[in-house]
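Visitor: Before I ask anything, here is the structure I am working with.
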Amino acid sequence: MARILMLLRTIINTITKKAAIILIFIMLAACQPQDDLTNKRQLFVFGTVIDVVIWSDDEARASEAVSVISERFNEMHTQWHAWKPGRLQSINKQLQGGQAVKLTVEESKVLKSSLKFSQLSQGHFNPLMGAVINLWGFHNDEYPITTPPPTLESINSLLESAPQVSDIHWSDNEISSGNPNVWFDLGGIAKGYAVDVAVEILQQHGIQHAIINAGGDLRALGQKGETPWTIAIQSPKNWQPLALIKVNENEAIFTSGNYQRYKAFDGKRYAHIIDPLTYYPVSEIVSATVIAKDGMLADAAATALVVAGKKWHLVAEQMGIAEALVVDADNRCFATQAMRVRLSDRRITCETPKPLTGGL
Ligand code: AMP
Ligand code: MG
């Protein structure tokens, strides 16, 4: 009899637990609005989590688009890697050996764009600095890096023949270089290009409303139902939101900074973004956020603005960026007027920059 009672109690307990679980499911289903068409997917590529949020009632189509994006991203991650074997490394080695390299149309487009951004930014963005980025130890997956900084002599020796845009010679889709220090490192625009490719893939799949967020760098299509996609700009110090921005159709918003990837040695922090003029890590600006019409420009401009220091707004202007915001090493925020009007729920006051004399 006692055994039967125990068995009964176990059955009742199990049923009660199951009922509780079912209730949670029902509650969750009830919390999800009927008209919520959000399809969220996560990818892990480029050393970061990439969120793809698609607003569509066609779940199968959303999944198909994301799987194409995932395949393309993984391929790009391998082929465009700055220091691991892949197509970019092979291009770099051939250039280093004085050989001419025939590029595909896509390779041509990306490399040409990177050089164009270098010119537009007056050299603050320079995609040819793989050698010095490697010298500082930043061709590494493990952050923070704790090795000592390079010696002054080794930095100066590279600086003597610092690669410039003019070192790359084009003949149709073929490139060559006379400078053995040329080493393409596309770390400053690769995510931007990837986000642009993702948007193209989404559009090819007939998706009109989506946001693709690669670790805070993002581009949006359409909107989230009746309301625009809204994102937060995070503080470079504590990840708290500094302000919100409503993202317009097809805008890209990118942030560069030294708060995630850096070298820490002897109580000093060295940013992974290098000033092409000095070959030293930048220190004046800790974070720059820009809005642009495509990911590649937004990505290049955000990096360039971090390098530009006090002249960030002049470089922004040269690159055709109207909306930009920077946070300096003293945690002071500056933003262009066009950016200020885009910010809501501000937790920080941003000054507009004072006009600078002397140009770039
Ligand atoms: P981002 O996070 O977009 O600012 O890109 C930073 C990455 O771009 C670094 O990890 C380097 O690979 C590369 N980089 C560093 N300094 C520069 C620079 N001045 N111009 C272009 N690329 C750079
Ligand atoms: Mg960048």
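Letters for chains follow the order of the structure tokens (A, B, ...), residue numbers begin at 1 for each chain, and ligand numbers begin at 1 in the order shown.
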So which residues are near ligand 1, meaning at most 6 Å away with only C-alpha atoms and all ligand atoms counted, given back as a list of chain:residue names?
Guide: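 So, counting only C-alpha atoms and all ligand atoms, the residues near ligand 1 are A:His124, A:Phe125, A:Asn126, A:Pro127, A:Asp185, A:Gly187, A:Gly188, A:Ile189, A:Ser256, A:His272, A:Ile273, A:Ile274, A:Asp275, A:Pro276, A:Asp299, A:Thr303.
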Visitor: Could you find all residues in stretch 261-298 of chain A that DSSP calls strand (DSSP E or B) from the backbone, and write them as a count of residues only?
Guide: 18
Visitor: Which residues are close to A:Gln122, i.e. within 10 Å by only C-alpha atoms, leaving aside same-chain residues fewer than 2 positions away? Reply as a ChimeraX atom specification.
Guide: /A:116-120,124-126,304,308,315,318-319,360
Visitor: Taking a cut-off of 9 Å and counting only C-alpha atoms, can you build a table that, for each residue of stretch 112-202 of chain A near stretch 37-55 of chain A, reports the nearest atom pair and how far apart they are in Å (one decimal), sorted by chain then residue number, as JSON lines?
Guide:
{"residue": "A:Asp141", "atom": "CA", "partner": "A:Gly47", "partner_atom": "CA", "distance": 7.8}
{"residue": "A:Ala190", "atom": "CA", "partner": "A:Phe46", "partner_atom": "CA", "distance": 8.8}
{"residue": "A:Lys191", "atom": "CA", "partner": "A:Phe46", "partner_atom": "CA", "distance": 7.7}
{"residue": "A:Leu202", "atom": "CA", "partner": "A:Ile54", "partner_atom": "CA", "distance": 8.9}
Visitor: Write the residues of the preceding selection, restricted to N, CA and C atoms, as a short mmCIF file (atom, residue, chain, number, x, y, z; two decimals), in the first residue's frame.
Guide:
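And here is the file that came out, selection.cif:
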data_model
loop_
_atom_site.label_atom_id
_atom_site.label_comp_id
_atom_site.auth_asym_id
_atom_site.auth_seq_id
_atom_site.Cartn_x
_atom_site.Cartn_y
_atom_site.Cartn_z
N ASP A 141 44.74 36.68 -31.99
CA ASP A 141 43.33 36.50 -31.66
C ASP A 141 43.04 36.73 -30.18
N ALA A 190 36.88 45.31 -43.20
CA ALA A 190 36.34 43.99 -43.56
C ALA A 190 34.91 43.80 -43.07
N LYS A 191 34.66 44.21 -41.83
CA LYS A 191 33.30 44.06 -41.28
C LYS A 191 32.30 44.91 -42.06
N LEU A 202 20.32 39.64 -48.32
CA LEU A 202 18.95 39.77 -47.79
C LEU A 202 18.02 40.28 -48.88
#
Visitor: Neighbouring residues of A:Ser157 were defined as those with any atom within 12 Å, considering only C-alpha atoms; residues of the same chain fewer than 2 positions away were excluded. Please report them as a PDB file with C-alpha atoms, in the first residue's frame.
Guide:
ATOM      1  CA  ALA A 131      53.785  45.015 -41.277  1.00  0.00           C
ATOM      2  CA  VAL A 132      53.621  47.541 -38.429  1.00  0.00           C
ATOM      3  CA  LEU A 135      55.178  44.433 -35.288  1.00  0.00           C
ATOM      4  CA  PRO A 150      58.367  47.022 -30.193  1.00  0.00           C
ATOM      5  CA  THR A 151      61.628  48.950 -29.988  1.00  0.00           C
ATOM      6  CA  LEU A 152      61.889  52.467 -31.346  1.00  0.00           C
ATOM      7  CA  GLU A 153      64.493  51.266 -33.871  1.00  0.00           C
ATOM      8  CA  SER A 154      62.201  48.583 -35.320  1.00  0.00           C
ATOM      9  CA  ILE A 155      59.332  51.084 -35.592  1.00  0.00           C
ATOM     10  CA  LEU A 159      58.516  54.026 -40.923  1.00  0.00           C
ATOM     11  CA  GLU A 160      61.385  54.837 -43.282  1.00  0.00           C
ATOM     12  CA  SER A 161      59.594  53.094 -46.133  1.00  0.00           C
ATOM     13  CA  ALA A 162      56.020  53.396 -44.871  1.00  0.00           C
ATOM     14  CA  ASN A 181      56.752  46.755 -46.764  1.00  0.00           C
ATOM     15  CA  THR A 278      54.042  57.896 -36.293  1.00  0.00           C
ATOM     16  CA  TYR A 279      53.448  54.116 -36.332  1.00  0.00           C
TER      17      TYR A 279
END
Visitor: May I ask which of the residues A:Ala316, A:Leu297, A:Ile253, A:Leu343 is the closest one to A:Ser113, counting only C-alpha atoms?
Guide: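 Closest candidate: A:Leu297.
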Visitor: Do you know which residues are at most 10 Å from A:Lys293 counting only C-alpha atoms, after dropping those on the same chain fewer than 4 positions away, and could you put them as a PyMOL selection string?
Guide: chain A and resi 196+219+248-253+297-298+321
Visitor: In terms of the shortest atom-to-atom distance over only C-alpha atoms and all ligand atoms, which of A:Pro180, A:Gln208, A:Pro149, A:Leu305 is closest to ligand 2?
Guide: A:Leu305
Visitor: Got a sec: who's within 8 Å of A:His139, counting only C-alpha atoms, leaving out chain neighbours fewer than 5 positions off, as a list in words?
Guide: Ala82, Trp83, Ile133 and Asn134 of chain A
Visitor: Write a file of the just-selected residues containing all heavy atoms, as a PDB file, in the first residue's frame.
Guide:
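Dumped to again27.pdb:
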ATOM      1  N   ALA A  82      44.149  38.768 -42.371  1.00  0.00           N
ATOM      2  CA  ALA A  82      45.371  39.569 -42.548  1.00  0.00           C
ATOM      3  C   ALA A  82      46.641  38.776 -42.269  1.00  0.00           C
ATOM      4  O   ALA A  82      47.710  39.141 -42.740  1.00  0.00           O
ATOM      5  CB  ALA A  82      45.315  40.804 -41.656  1.00  0.00           C
ATOM      6  N   TRP A  83      46.542  37.720 -41.453  1.00  0.00           N
ATOM      7  CA  TRP A  83      47.806  37.024 -41.121  1.00  0.00           C
ATOM      8  C   TRP A  83      47.709  35.505 -41.171  1.00  0.00           C
ATOM      9  O   TRP A  83      48.666  34.813 -40.874  1.00  0.00           O
ATOM     10  CB  TRP A  83      48.338  37.481 -39.767  1.00  0.00           C
ATOM     11  CG  TRP A  83      47.577  37.003 -38.559  1.00  0.00           C
ATOM     12  CD1 TRP A  83      47.838  35.876 -37.842  1.00  0.00           C
ATOM     13  CD2 TRP A  83      46.473  37.627 -37.918  1.00  0.00           C
ATOM     14  NE1 TRP A  83      46.953  35.778 -36.796  1.00  0.00           N
ATOM     15  CE2 TRP A  83      46.109  36.842 -36.815  1.00  0.00           C
ATOM     16  CE3 TRP A  83      45.734  38.800 -38.161  1.00  0.00           C
ATOM     17  CZ2 TRP A  83      45.059  37.167 -35.969  1.00  0.00           C
ATOM     18  CZ3 TRP A  83      44.691  39.121 -37.318  1.00  0.00           C
ATOM     19  CH2 TRP A  83      44.369  38.313 -36.251  1.00  0.00           C
ATOM     20  N   ILE A 133      51.385  46.693 -37.958  1.00  0.00           N
ATOM     21  CA  ILE A 133      50.329  46.149 -37.080  1.00  0.00           C
ATOM     22  C   ILE A 133      50.821  44.817 -36.488  1.00  0.00           C
ATOM     23  O   ILE A 133      50.650  44.539 -35.304  1.00  0.00           O
ATOM     24  CB  ILE A 133      48.999  46.003 -37.855  1.00  0.00           C
ATOM     25  CG1 ILE A 133      48.442  47.401 -38.176  1.00  0.00           C
ATOM     26  CG2 ILE A 133      47.970  45.209 -37.041  1.00  0.00           C
ATOM     27  CD1 ILE A 133      47.344  47.425 -39.189  1.00  0.00           C
ATOM     28  N   ASN A 134      51.513  44.062 -37.318  1.00  0.00           N
ATOM     29  CA  ASN A 134      52.104  42.801 -36.872  1.00  0.00           C
ATOM     30  C   ASN A 134      53.248  43.066 -35.878  1.00  0.00           C
ATOM     31  O   ASN A 134      53.375  42.394 -34.857  1.00  0.00           O
ATOM     32  CB  ASN A 134      52.609  42.032 -38.099  1.00  0.00           C
ATOM     33  CG  ASN A 134      53.080  40.657 -37.719  1.00  0.00           C
ATOM     34  OD1 ASN A 134      52.510  40.029 -36.832  1.00  0.00           O
ATOM     35  ND2 ASN A 134      54.123  40.183 -38.370  1.00  0.00           N
TER      36      ASN A 134
END
Visitor: Which is closer to ligand 2 than all the others in A:Ser114, A:Gln234, A:Gln337, A:Gln94, using only C-alpha atoms and all ligand atoms?
Guide: A:Ser114
Visitor: Please identify which residues in stretch 18-150 of chain A DSSP calls alpha helix (DSSP H) from the backbone, and express them as a ChimeraX atom specification.
Guide: /A:18-31,59-79,87-96,105-120,130-135
Visitor: Go through A:Thr289, A:Thr349, A:Asn173, A:Thr255 and flag the residue nearest A:Asp217, using only C-alpha atoms for the distances.
Guide: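 Result for the nearest residue to A:Asp217: A:Thr255.
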Visitor: May I have the residues within 9 Å of A:Val68 as a list of chain:residue names, using only C-alpha atoms and disregarding those fewer than 5 positions away in the same chain?
Guide: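 The contact residues come out as A:Ser63, A:Phe73, A:Ala198, A:Ile201.
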Visitor: Quick one: write out the picked residues with N, CA, C and O atoms as a PDB file, in the first residue's frame?
Guide:
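Written output follows (selection-v4.pdb):
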ATOM      1  N   SER A  63      15.536  32.041 -42.798  1.00  0.00           N
ATOM      2  CA  SER A  63      16.572  31.049 -42.468  1.00  0.00           C
ATOM      3  C   SER A  63      17.483  30.800 -43.651  1.00  0.00           C
ATOM      4  O   SER A  63      18.705  30.688 -43.503  1.00  0.00           O
ATOM      5  N   PHE A  73      30.183  34.734 -45.060  1.00  0.00           N
ATOM      6  CA  PHE A  73      31.004  35.331 -43.999  1.00  0.00           C
ATOM      7  C   PHE A  73      32.181  34.415 -43.661  1.00  0.00           C
ATOM      8  O   PHE A  73      33.297  34.881 -43.473  1.00  0.00           O
ATOM      9  N   ALA A 198      26.002  41.203 -46.755  1.00  0.00           N
ATOM     10  CA  ALA A 198      24.841  40.606 -46.087  1.00  0.00           C
ATOM     11  C   ALA A 198      23.547  41.296 -46.514  1.00  0.00           C
ATOM     12  O   ALA A 198      22.530  40.636 -46.785  1.00  0.00           O
ATOM     13  N   ILE A 201      22.576  40.123 -49.889  1.00  0.00           N
ATOM     14  CA  ILE A 201      22.001  38.771 -49.840  1.00  0.00           C
ATOM     15  C   ILE A 201      20.553  38.834 -49.340  1.00  0.00           C
ATOM     16  O   ILE A 201      19.663  38.184 -49.894  1.00  0.00           O
TER      17      ILE A 201
END
